[in-house]
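Asks: Here's a structure for you.
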Amino acid sequence: MSSEIIKDTIEASLEFSKQQIVNFVKKFRDRKLAFIEDEKTIELAKEQYESGESKFYHRYIHDKKLLFLVGMGLTLRKVEENAEKRQNLRSKLFNKYKVEGLHVAEFVQNGILNRYNSILLELVDSIEDLEKQIENVLKNIEKYSLFVQGRDRIGEIIRRTINITDSHSPTIFVISGEGSCAKLLGDNVKKIEDSLKRYSLEKISTSNREILFFKLSSILNN
Amino acid sequence: MEIVSLKNVSLNSKILLLKELGYNSDGEFVLDKKGNKLLDRYFDVPVRVENMVILPGSEIILDDNELSISAYLEEFGNVF
């Protein structure tokens, strides 16, 4: 047995005495103590909660559920380098908040909401209007965005894009994809752009992500 | 606030702690006061004794993951 394993075994068998437990529980009930497992988990969550971005959204989003999902999106961004953890957390979000909830979190995680807001700022005429529009896009995420999945083909993506934009005429419509989906979008930007004549395109490309912002030309020109 | 890490604490001590708080365990999961598996407040997953956090606010026992802790902070603020 290596010394590392022995050390782990010893540490893993740390025992609390009965008196220690009684003292802990008394302090806990007085709200002076908390029990945690991995300190890093708390630190990461605190970092996210105290971030400027989180504070910004606390100021402009008043719907508790949306604010919660925005927080989850910021948290997902913090763990995105850890593929296993990221997948595990995405599954938890999907199981509880369904695909719409996951998409709201992804909208935030991928930085789409930040860019979306900066485009909105050019269009709104008051803080109230900005707040209303942010909440509206998050509450109706499927009318304002398309998250490309691994199995999607370009014809299907274009068909769904036309359906959504024709039905709802969103001022800003976002298509995003990661990994192989990013490549698919990147290779077919022209085709998608040609199918959305009423919109002008702004593209954000990173090594693993392609995000297409389509802005309704008539609104932007007014 | 004082923070006690349960990371290297024995299963037996964790179960004694849960019992002192009025909960129990089947050796794997946290059981509530009625003997049912306790579900994480935010994500409805059963909480494992080996991966639990116990936080102030009506004795909140959560699965130790970033989303649940973030959700707790959203609800109760930064109590740490």
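As shown in the structure tokens, the chain order sets the letters A, B, ...; within each chain, residues go from 1, and ligands are also counted from 1 in the order they appear.
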Do me a favour and pick out the residues of chain B within 8 Å of chain A, using only C-alpha atoms, as a PyMOL selection string.

Replies: chain B and resi 1-13+16-17+20-21+43-44+51-57+59+64-67+69-71+73-74+78

Asks: Mind the document's chain letters and residue numbers, and return as a list in words the residues of chain B that DSSP labels strand (DSSP E).

Replies: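 Strand (DSSP E) members of chain B, listed: Glu2, Ile3, Val4, Ser5, Asn24, Ser25, Val30, Leu31, Met52, Val53, Ile54, Leu55, Ile60, Ile61, Leu62 and Asp63 of chain B.
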
Asks: Just list as a ChimeraX atom specification whatever in region 42-78 of chain B DSSP marks as helix (DSSP H, G or I).

Replies: /B:49-51,66-76

Asks: Generate a file of the selected residues that holds C-alpha atoms, formatted as a short mmCIF file (atom, residue, chain, number, x, y, z; two decimals), in the first residue's frame.

Replies:
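Printed below is out.cif as written:
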```cif
data_model
loop_
_atom_site.label_atom_id
_atom_site.label_comp_id
_atom_site.auth_asym_id
_atom_site.auth_seq_id
_atom_site.Cartn_x
_atom_site.Cartn_y
_atom_site.Cartn_z
CA VAL B 49 -24.15 10.54 3.45
CA GLU B 50 -20.75 10.53 1.79
CA ASN B 51 -21.58 13.66 -0.21
CA GLU B 66 -21.92 23.46 -7.21
CA LEU B 67 -25.49 23.94 -8.41
CA SER B 68 -27.12 23.04 -5.10
CA ILE B 69 -24.75 25.29 -3.16
CA SER B 70 -25.29 28.13 -5.66
CA ALA B 71 -29.03 27.62 -5.36
CA TYR B 72 -28.74 27.78 -1.57
CA LEU B 73 -26.81 31.06 -1.84
CA GLU B 74 -29.51 32.42 -4.16
CA GLU B 75 -32.15 31.60 -1.57
CA PHE B 76 -30.38 32.47 1.68
#
```

Asks: Contacts of Phe213 (chain A) at 7 Å or less, counting only C-alpha atoms, minus same-chain residues fewer than 4 places along, as a list of chain:residue names?

Replies: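 Surrounding residues, per the criterion: A:Ile172, A:Phe173, A:Val174, A:Ile175, A:Leu201, A:Glu202, A:Lys203.
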
Asks: Residues near region 119-134 of chain A, anyone? I mean within 12 Å using only C-alpha atoms, not counting same-chain ones fewer than 5 positions away, as a PyMOL selection string.

Replies: chain A and resi 56-63+66-67+70+104+107-108+112-114+139-141+144+170-174+202+213-222

Asks: Quick one: everything within 9 Å of Gln149 (chain A), counting only C-alpha atoms, minus sequence neighbours fewer than 2 positions away in the same chain. Send it as a list in words.

Replies: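 That gives Phe147, Arg151, Asp152, Arg153, Gly177, Glu178 and Cys181 of chain A.
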
Asks: I need the residues from that last selection saved to file as a PDB file, in the first residue's frame (with N, CA and C atoms), if you can.

Replies:
```
ATOM      1  N   PHE A 147     -30.579  26.046 -29.960  1.00  0.00           N
ATOM      2  CA  PHE A 147     -29.364  25.387 -29.501  1.00  0.00           C
ATOM      3  C   PHE A 147     -29.166  24.136 -30.352  1.00  0.00           C
ATOM      4  N   ARG A 151     -27.063  15.716 -33.214  1.00  0.00           N
ATOM      5  CA  ARG A 151     -27.704  14.950 -34.287  1.00  0.00           C
ATOM      6  C   ARG A 151     -28.316  15.852 -35.375  1.00  0.00           C
ATOM      7  N   ASP A 152     -28.373  17.152 -35.152  1.00  0.00           N
ATOM      8  CA  ASP A 152     -29.039  18.058 -36.102  1.00  0.00           C
ATOM      9  C   ASP A 152     -28.286  18.159 -37.425  1.00  0.00           C
ATOM     10  N   ARG A 153     -29.057  18.258 -38.502  1.00  0.00           N
ATOM     11  CA  ARG A 153     -28.469  18.482 -39.831  1.00  0.00           C
ATOM     12  C   ARG A 153     -28.785  19.908 -40.251  1.00  0.00           C
ATOM     13  N   GLY A 177     -23.921  26.689 -31.158  1.00  0.00           N
ATOM     14  CA  GLY A 177     -23.506  25.290 -31.180  1.00  0.00           C
ATOM     15  C   GLY A 177     -22.106  25.151 -30.616  1.00  0.00           C
ATOM     16  N   GLU A 178     -21.850  23.967 -30.053  1.00  0.00           N
ATOM     17  CA  GLU A 178     -20.529  23.696 -29.492  1.00  0.00           C
ATOM     18  C   GLU A 178     -19.918  22.474 -30.151  1.00  0.00           C
ATOM     19  N   CYS A 181     -21.046  20.754 -33.476  1.00  0.00           N
ATOM     20  CA  CYS A 181     -22.163  21.628 -33.879  1.00  0.00           C
ATOM     21  C   CYS A 181     -21.637  23.022 -34.255  1.00  0.00           C
TER      22      CYS A 181
END
```

Asks: So what do you get for CA of Glu28 (chain B) versus CA of Val47 (chain B), distance-wise?

Replies: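 Taking CA of Glu28 (chain B) and CA of Val47 (chain B), their separation equals 8.7 Å.
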
Asks: Set the distance at 12 Å and use only C-alpha atoms: which residues neighbour Lys34 (chain B) once local chain neighbours fewer than 3 positions away are removed? I'd like the list as a list in words.

Replies: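 Close residues of Lys34 (chain B): Gly22, Tyr23, Asn24, Ser25, Val30, Leu31, Lys37 and Leu38 of chain B.
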
Asks: Show which residues sit within 9 Å of Asp40 (chain B), as a list in words. Count only C-alpha atoms, and ignore same-chain residues fewer than 6 positions away.

Replies: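 Counting only C-alpha atoms, the residues come to Pro46, Val47, Ile60, Ile61, Leu62, Asp63 and Ser68 of chain B.
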
Asks: Those same residues, written as a PDB file, in the first residue's frame with C-alpha atoms?

Replies:
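Result went into part_20.pdb, see below:
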```pdb
ATOM      1  CA  PRO B  46     -31.406  11.596  -2.879  1.00  0.00           C
ATOM      2  CA  VAL B  47     -28.583  12.908  -0.692  1.00  0.00           C
ATOM      3  CA  ILE B  60     -30.866  22.147   5.094  1.00  0.00           C
ATOM      4  CA  ILE B  61     -29.110  18.990   3.980  1.00  0.00           C
ATOM      5  CA  LEU B  62     -27.971  19.120   0.360  1.00  0.00           C
ATOM      6  CA  ASP B  63     -26.047  17.067  -2.120  1.00  0.00           C
ATOM      7  CA  SER B  68     -27.121  23.039  -5.096  1.00  0.00           C
TER       8      SER B  68
END
```
